[in-house]
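A.B. asks: Questions regarding the structure given below will be posed in turn.
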Amino acid sequence: MSKGAFEMGDIPVADRLAINDLVIAYATAVDSMGDVDAILDIFTKEAEFDLSSVGMACITGHAAIRLFYEGVFAANSHHAHYISNFAVTAYAGHTASARAYVIGMGRGKDGSAITVHGRYYFDVSRTKHGWKATRYSMDTMLPIG
Amino acid sequence: MSKGAFEMGDIPVADRLAINDLVIAYATAVDSMGDVDAILDIFTKEAEFDLSSVGMACITGHAAIRLFYEGVFAANSHHAHYISNFAVTAYAGHTASARAYVIGMGRGKDGSAITVHGRYYFDVSRTKHGWKATRYSMDTMLPIG
Amino acid sequence: MSKGAFEMGDIPVADRLAINDLVIAYATAVDSMGDVDAILDIFTKEAEFDLSSVGMACITGHAAIRLFYEGVFAANSHHAHYISNFAVTAYAGHTASARAYVIGMGRGKDGSAITVHGRYYFDVSRTKHGWKATRYSMDTMLPIG
């Protein structure tokens with residue numbers, strides 16, 4: 001907290017809240033079980049989407065993200081993605097990076113179940129439509145069970 | 001985020017924090033295992049309280065909510081209600097609506113255990129004693145296990 | 001909320017966010033699986049650290065906290081500590097108290113696993129390096145499994 005040039009307290013409150021809202025909007029859209037437009041709305045057109053760390057897609061842009069989530073929604077019956085431990089980890093006025101913890105739960109239509117204990121990483125840019133993600137990735141904290 | 005008339009960023013920070021605090025105060029009171037007054041304190045006198053989606057009470061007003069929670073506290077030995085993914089979903093200055101995710105865990109005195117993965121929905125009003133809930137309901141994201 | 005002299009809404013937003021950030025920084029450091037300096041950075045030099053309620057250390061000061069976490073990191077392979085339900089419970093300008101819920105998960109190198117459903121309690125002081133914890137303790141809401 002006291003080390004280095006970056007301090008959370010230097011970030012305008014409106015920006016940190018808006019970026020936190022963006023992460024929550026993503027989880028909420030993923031848990032809608034169908035609203036791909038709401039998912040795309042949090043990303044810039046050319047956003048990088050990298051879930052390779054959990055054995056899923058590493059793709060770029062709205063069309064690819066749409067295809068990915070159409071597949072997810074076709075396969076899964078239930079989602080719940082709990083977001084916590086939000087932190088802005090870099091901030092430069094019109095761009096920022098943020099981290100949040102996630103407990104991600106899914107139930108497949110085939111009866112499968114997965115729970116992921118991980119962290120989301122978002123690079124975001126301020127656009128005329130508000131903060132949007134330019135890059136999204138995650139890692140895991142516990143073995144996936 | 002960029003669609004429609006409503007933007008989280010339009011809500012005064014003090015209001016969104018106060019409404020988030022109200023939701024957390026509710027969970028904290030429920031987890032007190034006995035402080036019914038603290039539960040009632042978050043609701044207006046005539047609040048609607050609808051947990052029918054999880055097979056529980058659909059009731060109105062402090063007396064009925066008191067009776068409900070006296071029963072809950074008589075039956076249960078432990079609670080833990082984790083609140084996350086807070087969002088204000090409507091705002092009109094003196095009224096608002098909010099959604100939060102919840103992981104709700106209970107242990108019955110009879111040895112039973114329940115975990116609910118759901119979402120809370122609150123309609124709230126600004127009163128002379130601060131924001132209070134006029135309506136409360138929930139839904140579930142995963143099958144109850 | 002409406003009872004007593006203390007109101008969350010009286011706390012400057014910057015302070016409540018900074019204290020919340022401190023709690024999250026603690027969890028993040030604990031989950032780093034090695035960065036003891038980042039853990040110490042959230043505590044004052046003479047901080048009291050009391051995890052006796054969960055059968056762990058009750059110690060004072062940086063050297064003892066370092067020793068404790070060196071032991072934890074030697075024993076454990078994975079951590080995930082999910083923070084939610086943040087509340088400031090006392091505030092006096094240069095000192096404050098805060099509570100947060102935690103789901104704390106650990107995996108031992110010996111194959112053991114633990115999940116703790118509890119609450120963190122922090123007393124904090126405003127220092128020239130920002131808010132730091134002077135006392136830290138926890139309790140549990142559910143039996144440890």
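Residue numbering restarts at 1 in every chain; chains get A, B, ... in the order shown in the structure tokens, and ligands count up from 1 in that same order.
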Quick check: residues of chain B within 10 Å of chain C, only C-alpha atoms, returned as a ChimeraX atom specification.

C.D. replies: /B:13-15,17-18,20-25,27-28,31-33,38,41-42,77-85,105-107,128-132

A.B. asks: Please extract the residues of chain C with a backbone DSSP assignment of strand (DSSP E) and present them as a count of residues only.

C.D. replies: 67

A.B. asks: Using only C-alpha atoms, pick whichever of A:Ala75, A:Ala96, A:Ile11, A:Leu67 has the shortest atom-to-atom distance to Ser125 of chain A.

C.D. replies: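 Ranking A:Ala75, A:Ala96, A:Ile11, A:Leu67 by distance to Ser125 of chain A, first place goes to A:Ala96.
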
A.B. asks: Which of chain C counts as alpha helix (DSSP H) under DSSP, as a CSV table (one decimal) with all heavy atoms, in the first residue's frame please?

C.D. replies:
```csv
chain,number,residue,atom,x,y,z
C,13,VAL,N,-15.9,9.0,2.5
C,13,VAL,CA,-15.8,7.9,1.5
C,13,VAL,C,-14.4,7.4,1.3
C,13,VAL,O,-14.1,6.2,1.3
C,13,VAL,CB,-16.4,8.3,0.2
C,13,VAL,CG1,-16.1,7.3,-0.9
C,13,VAL,CG2,-17.9,8.5,0.4
C,14,ALA,N,-13.4,8.4,1.3
C,14,ALA,CA,-12.0,8.0,1.0
C,14,ALA,C,-11.5,7.1,2.1
C,14,ALA,O,-10.8,6.1,1.9
C,14,ALA,CB,-11.2,9.2,0.9
C,15,ASP,N,-12.0,7.3,3.4
C,15,ASP,CA,-11.5,6.5,4.5
C,15,ASP,C,-12.1,5.1,4.5
C,15,ASP,O,-11.5,4.1,4.7
C,15,ASP,CB,-11.8,7.2,5.8
C,15,ASP,CG,-10.9,8.4,6.1
C,15,ASP,OD1,-9.8,8.3,5.6
C,15,ASP,OD2,-11.3,9.3,6.9
C,16,ARG,N,-13.4,5.0,4.2
C,16,ARG,CA,-14.0,3.7,4.2
C,16,ARG,C,-13.5,2.9,3.1
C,16,ARG,O,-13.3,1.7,3.2
C,16,ARG,CB,-15.6,3.8,4.2
C,16,ARG,CG,-16.2,4.4,3.0
C,16,ARG,CD,-17.7,4.2,3.0
C,16,ARG,NE,-18.1,2.9,2.7
C,16,ARG,CZ,-19.3,2.4,2.8
C,16,ARG,NH1,-20.3,3.1,3.4
C,16,ARG,NH2,-19.6,1.1,2.5
C,17,LEU,N,-13.2,3.5,1.9
C,17,LEU,CA,-12.6,2.7,0.8
C,17,LEU,C,-11.2,2.3,1.1
C,17,LEU,O,-10.8,1.2,0.9
C,17,LEU,CB,-12.7,3.6,-0.5
C,17,LEU,CG,-14.0,3.9,-1.1
C,17,LEU,CD1,-13.9,4.8,-2.3
C,17,LEU,CD2,-14.8,2.6,-1.5
C,18,ALA,N,-10.5,3.2,1.8
C,18,ALA,CA,-9.1,2.9,2.1
C,18,ALA,C,-9.0,1.7,3.1
C,18,ALA,O,-8.1,0.9,3.0
C,18,ALA,CB,-8.3,4.1,2.6
C,19,ILE,N,-9.9,1.7,4.1
C,19,ILE,CA,-9.9,0.7,5.1
C,19,ILE,C,-10.4,-0.7,4.4
C,19,ILE,O,-9.8,-1.7,4.7
C,19,ILE,CB,-10.8,1.1,6.3
C,19,ILE,CG1,-10.2,2.3,7.0
C,19,ILE,CG2,-10.9,-0.1,7.3
C,19,ILE,CD1,-11.1,3.0,8.0
C,20,ASN,N,-11.3,-0.6,3.6
C,20,ASN,CA,-11.7,-1.8,2.8
C,20,ASN,C,-10.6,-2.3,2.0
C,20,ASN,O,-10.3,-3.5,2.0
C,20,ASN,CB,-12.9,-1.4,1.9
C,20,ASN,CG,-13.7,-2.7,1.4
C,20,ASN,OD1,-13.2,-3.8,1.6
C,20,ASN,ND2,-14.8,-2.5,0.7
C,21,ASP,N,-9.9,-1.4,1.3
C,21,ASP,CA,-8.7,-1.8,0.5
C,21,ASP,C,-7.6,-2.5,1.4
C,21,ASP,O,-7.0,-3.4,0.9
C,21,ASP,CB,-8.0,-0.5,-0.1
C,21,ASP,CG,-8.9,0.0,-1.2
C,21,ASP,OD1,-9.8,-0.6,-1.7
C,21,ASP,OD2,-8.6,1.2,-1.6
C,22,LEU,N,-7.5,-2.0,2.6
C,22,LEU,CA,-6.5,-2.6,3.5
C,22,LEU,C,-6.8,-4.1,3.8
C,22,LEU,O,-6.0,-4.9,3.8
C,22,LEU,CB,-6.4,-1.8,4.8
C,22,LEU,CG,-5.3,-2.2,5.8
C,22,LEU,CD1,-4.0,-1.6,5.3
C,22,LEU,CD2,-5.6,-1.6,7.2
C,23,VAL,N,-8.1,-4.3,4.1
C,23,VAL,CA,-8.6,-5.7,4.4
C,23,VAL,C,-8.3,-6.6,3.2
C,23,VAL,O,-7.8,-7.7,3.3
C,23,VAL,CB,-10.0,-5.7,4.8
C,23,VAL,CG1,-10.5,-7.1,5.0
C,23,VAL,CG2,-10.3,-4.8,6.0
C,24,ILE,N,-8.6,-6.0,2.0
C,24,ILE,CA,-8.4,-6.8,0.8
C,24,ILE,C,-6.9,-7.0,0.5
C,24,ILE,O,-6.5,-8.1,0.1
C,24,ILE,CB,-9.1,-6.1,-0.4
C,24,ILE,CG1,-10.7,-6.2,-0.3
C,24,ILE,CG2,-8.7,-6.7,-1.8
C,24,ILE,CD1,-11.5,-5.4,-1.2
C,25,ALA,N,-6.1,-6.0,0.8
C,25,ALA,CA,-4.7,-6.2,0.6
C,25,ALA,C,-4.2,-7.3,1.5
C,25,ALA,O,-3.2,-8.0,1.1
C,25,ALA,CB,-4.0,-4.8,0.9
C,26,TYR,N,-4.7,-7.4,2.7
C,26,TYR,CA,-4.3,-8.4,3.6
C,26,TYR,C,-4.6,-9.8,3.0
C,26,TYR,O,-3.7,-10.7,2.9
C,26,TYR,CB,-5.0,-8.3,5.0
C,26,TYR,CG,-4.8,-9.5,5.9
C,26,TYR,CD1,-3.5,-9.8,6.4
C,26,TYR,CD2,-5.8,-10.3,6.2
C,26,TYR,CE1,-3.3,-10.9,7.2
C,26,TYR,CE2,-5.7,-11.4,7.1
C,26,TYR,CZ,-4.4,-11.7,7.5
C,26,TYR,OH,-4.2,-12.8,8.3
C,27,ALA,N,-5.8,-10.0,2.6
C,27,ALA,CA,-6.2,-11.3,2.0
C,27,ALA,C,-5.4,-11.6,0.7
C,27,ALA,O,-4.9,-12.7,0.5
C,27,ALA,CB,-7.7,-11.3,1.6
C,28,THR,N,-5.2,-10.6,-0.1
C,28,THR,CA,-4.4,-10.8,-1.3
C,28,THR,C,-2.9,-11.2,-1.0
C,28,THR,O,-2.4,-12.1,-1.6
C,28,THR,CB,-4.4,-9.5,-2.1
C,28,THR,OG1,-5.7,-9.1,-2.4
C,28,THR,CG2,-3.6,-9.6,-3.4
C,29,ALA,N,-2.4,-10.6,0.1
C,29,ALA,CA,-1.0,-10.9,0.5
C,29,ALA,C,-1.0,-12.4,1.0
C,29,ALA,O,0.0,-13.1,0.8
C,29,ALA,CB,-0.5,-9.9,1.5
C,30,VAL,N,-2.0,-12.7,1.8
C,30,VAL,CA,-2.0,-14.1,2.4
C,30,VAL,C,-2.1,-15.1,1.3
C,30,VAL,O,-1.6,-16.2,1.3
C,30,VAL,CB,-3.2,-14.2,3.4
C,30,VAL,CG1,-3.5,-15.6,3.8
C,30,VAL,CG2,-3.0,-13.4,4.6
C,36,VAL,N,5.5,-12.2,2.5
C,36,VAL,CA,5.3,-11.9,3.9
C,36,VAL,C,5.4,-10.3,4.1
C,36,VAL,O,4.7,-9.8,4.9
C,36,VAL,CB,6.3,-12.6,4.8
C,36,VAL,CG1,6.2,-12.1,6.3
C,36,VAL,CG2,6.1,-14.1,4.7
C,37,ASP,N,6.3,-9.7,3.3
C,37,ASP,CA,6.4,-8.3,3.4
C,37,ASP,C,5.1,-7.6,3.1
C,37,ASP,O,4.8,-6.6,3.8
C,37,ASP,CB,7.5,-7.7,2.4
C,37,ASP,CG,8.9,-8.1,2.9
C,37,ASP,OD1,9.1,-8.4,4.1
C,37,ASP,OD2,9.8,-8.1,2.0
C,38,ALA,N,4.4,-8.1,2.1
C,38,ALA,CA,3.1,-7.5,1.8
C,38,ALA,C,2.1,-7.7,3.0
C,38,ALA,O,1.2,-6.8,3.2
C,38,ALA,CB,2.5,-8.1,0.5
C,39,ILE,N,2.2,-8.8,3.7
C,39,ILE,CA,1.4,-9.0,4.9
C,39,ILE,C,1.7,-7.9,6.0
C,39,ILE,O,0.9,-7.2,6.5
C,39,ILE,CB,1.5,-10.4,5.4
C,39,ILE,CG1,0.9,-11.4,4.4
C,39,ILE,CG2,0.8,-10.6,6.8
C,39,ILE,CD1,1.1,-12.8,4.7
C,40,LEU,N,3.0,-7.9,6.2
C,40,LEU,CA,3.5,-6.9,7.3
C,40,LEU,C,3.1,-5.5,7.0
C,40,LEU,O,2.9,-4.7,7.9
C,40,LEU,CB,5.0,-7.1,7.5
C,40,LEU,CG,5.5,-8.4,8.0
C,40,LEU,CD1,7.0,-8.4,8.1
C,40,LEU,CD2,4.8,-8.9,9.3
C,62,HIS,N,5.7,-7.2,14.2
C,62,HIS,CA,6.1,-7.7,12.8
C,62,HIS,C,6.9,-9.0,12.9
C,62,HIS,O,6.7,-9.9,12.0
C,62,HIS,CB,6.9,-6.6,12.1
C,62,HIS,CG,6.0,-5.6,11.4
C,62,HIS,ND1,6.4,-4.8,10.4
C,62,HIS,CD2,4.7,-5.3,11.5
C,62,HIS,CE1,5.5,-4.1,9.9
C,62,HIS,NE2,4.4,-4.3,10.6
C,63,ALA,N,7.9,-9.1,13.8
C,63,ALA,CA,8.7,-10.2,13.8
C,63,ALA,C,7.9,-11.5,14.0
C,63,ALA,O,8.2,-12.5,13.4
C,63,ALA,CB,9.8,-10.1,14.9
C,64,ALA,N,7.0,-11.4,15.0
C,64,ALA,CA,6.2,-12.6,15.3
C,64,ALA,C,5.2,-13.0,14.1
C,64,ALA,O,5.0,-14.1,13.8
C,64,ALA,CB,5.4,-12.4,16.6
C,65,ILE,N,4.7,-11.9,13.5
C,65,ILE,CA,3.8,-12.2,12.4
C,65,ILE,C,4.6,-12.8,11.2
C,65,ILE,O,4.1,-13.7,10.5
C,65,ILE,CB,3.0,-10.8,12.0
C,65,ILE,CG1,2.2,-10.3,13.1
C,65,ILE,CG2,2.2,-11.1,10.7
C,65,ILE,CD1,1.6,-8.9,12.9
C,66,ARG,N,5.8,-12.3,11.0
C,66,ARG,CA,6.6,-12.8,9.9
C,66,ARG,C,6.9,-14.3,10.2
C,66,ARG,O,6.7,-15.1,9.3
C,66,ARG,CB,8.0,-12.1,9.9
C,66,ARG,CG,8.9,-12.7,8.8
C,66,ARG,CD,10.3,-11.9,8.8
C,66,ARG,NE,10.1,-10.6,8.3
C,66,ARG,CZ,10.0,-10.2,7.0
C,66,ARG,NH1,9.9,-11.2,6.1
C,66,ARG,NH2,9.9,-9.0,6.7
C,67,LEU,N,7.2,-14.6,11.4
C,67,LEU,CA,7.5,-16.0,11.7
C,67,LEU,C,6.3,-16.9,11.5
C,67,LEU,O,6.4,-18.0,10.9
C,67,LEU,CB,8.0,-16.1,13.2
C,67,LEU,CG,8.7,-17.4,13.6
C,67,LEU,CD1,10.0,-17.5,12.9
C,67,LEU,CD2,9.0,-17.3,15.1
C,68,PHE,N,5.1,-16.4,11.9
C,68,PHE,CA,3.9,-17.1,11.8
C,68,PHE,C,3.6,-17.4,10.3
C,68,PHE,O,3.4,-18.5,9.9
C,68,PHE,CB,2.7,-16.3,12.4
C,68,PHE,CG,1.4,-16.9,12.1
C,68,PHE,CD1,0.9,-18.1,12.7
C,68,PHE,CD2,0.5,-16.4,11.1
C,68,PHE,CE1,-0.3,-18.7,12.4
C,68,PHE,CE2,-0.7,-16.9,10.8
C,68,PHE,CZ,-1.1,-18.1,11.5
C,69,TYR,N,3.7,-16.4,9.4
C,69,TYR,CA,3.4,-16.6,8.0
C,69,TYR,C,4.5,-17.4,7.3
C,69,TYR,O,4.2,-18.0,6.3
C,69,TYR,CB,3.0,-15.3,7.3
C,69,TYR,CG,1.5,-15.0,7.5
C,69,TYR,CD1,1.0,-14.1,8.3
C,69,TYR,CD2,0.6,-15.8,6.8
C,69,TYR,CE1,-0.3,-13.9,8.5
C,69,TYR,CE2,-0.7,-15.7,6.9
C,69,TYR,CZ,-1.2,-14.7,7.7
C,69,TYR,OH,-2.6,-14.6,7.9
C,70,GLU,N,5.7,-17.3,7.7
C,70,GLU,CA,6.7,-18.1,7.1
C,70,GLU,C,6.4,-19.6,7.4
C,70,GLU,O,6.5,-20.4,6.5
C,70,GLU,CB,8.1,-17.8,7.7
C,70,GLU,CG,8.7,-16.5,7.2
C,70,GLU,CD,10.0,-16.1,7.8
C,70,GLU,OE1,10.4,-16.7,8.8
C,70,GLU,OE2,10.6,-15.1,7.3
C,71,GLY,N,5.8,-19.9,8.6
C,71,GLY,CA,5.4,-21.2,8.8
C,71,GLY,C,4.2,-21.6,8.0
C,71,GLY,O,4.1,-22.8,7.5
C,72,VAL,N,3.2,-20.7,7.9
C,72,VAL,CA,2.0,-21.0,7.0
C,72,VAL,C,2.4,-21.3,5.6
C,72,VAL,O,2.0,-22.2,5.0
C,72,VAL,CB,1.0,-19.8,7.1
C,72,VAL,CG1,-0.1,-19.9,6.1
C,72,VAL,CG2,0.5,-19.7,8.5
C,73,PHE,N,3.3,-20.4,5.1
C,73,PHE,CA,3.7,-20.6,3.7
C,73,PHE,C,4.5,-21.9,3.5
C,73,PHE,O,4.5,-22.5,2.4
C,73,PHE,CB,4.4,-19.4,3.1
C,73,PHE,CG,3.5,-18.2,3.0
C,73,PHE,CD1,4.0,-16.9,3.3
C,73,PHE,CD2,2.2,-18.3,2.5
C,73,PHE,CE1,3.2,-15.8,3.1
C,73,PHE,CE2,1.4,-17.2,2.3
C,73,PHE,CZ,1.9,-15.9,2.6
C,74,ALA,N,5.3,-22.3,4.5
C,74,ALA,CA,6.0,-23.5,4.4
C,74,ALA,C,5.1,-24.7,4.4
C,74,ALA,O,5.4,-25.7,3.8
C,74,ALA,CB,7.0,-23.6,5.6
C,75,ALA,N,3.9,-24.6,5.1
C,75,ALA,CA,3.0,-25.7,5.2
C,75,ALA,C,2.0,-25.8,4.1
C,75,ALA,O,1.5,-26.9,3.8
C,75,ALA,CB,2.3,-25.6,6.6
```

A.B. asks: So what do you get for atom CA of Phe49 of chain C versus atom CA of Thr89 of chain C, distance-wise?

C.D. replies: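 Separation of atom CA of Phe49 of chain C and atom CA of Thr89 of chain C: 18.7 Å.
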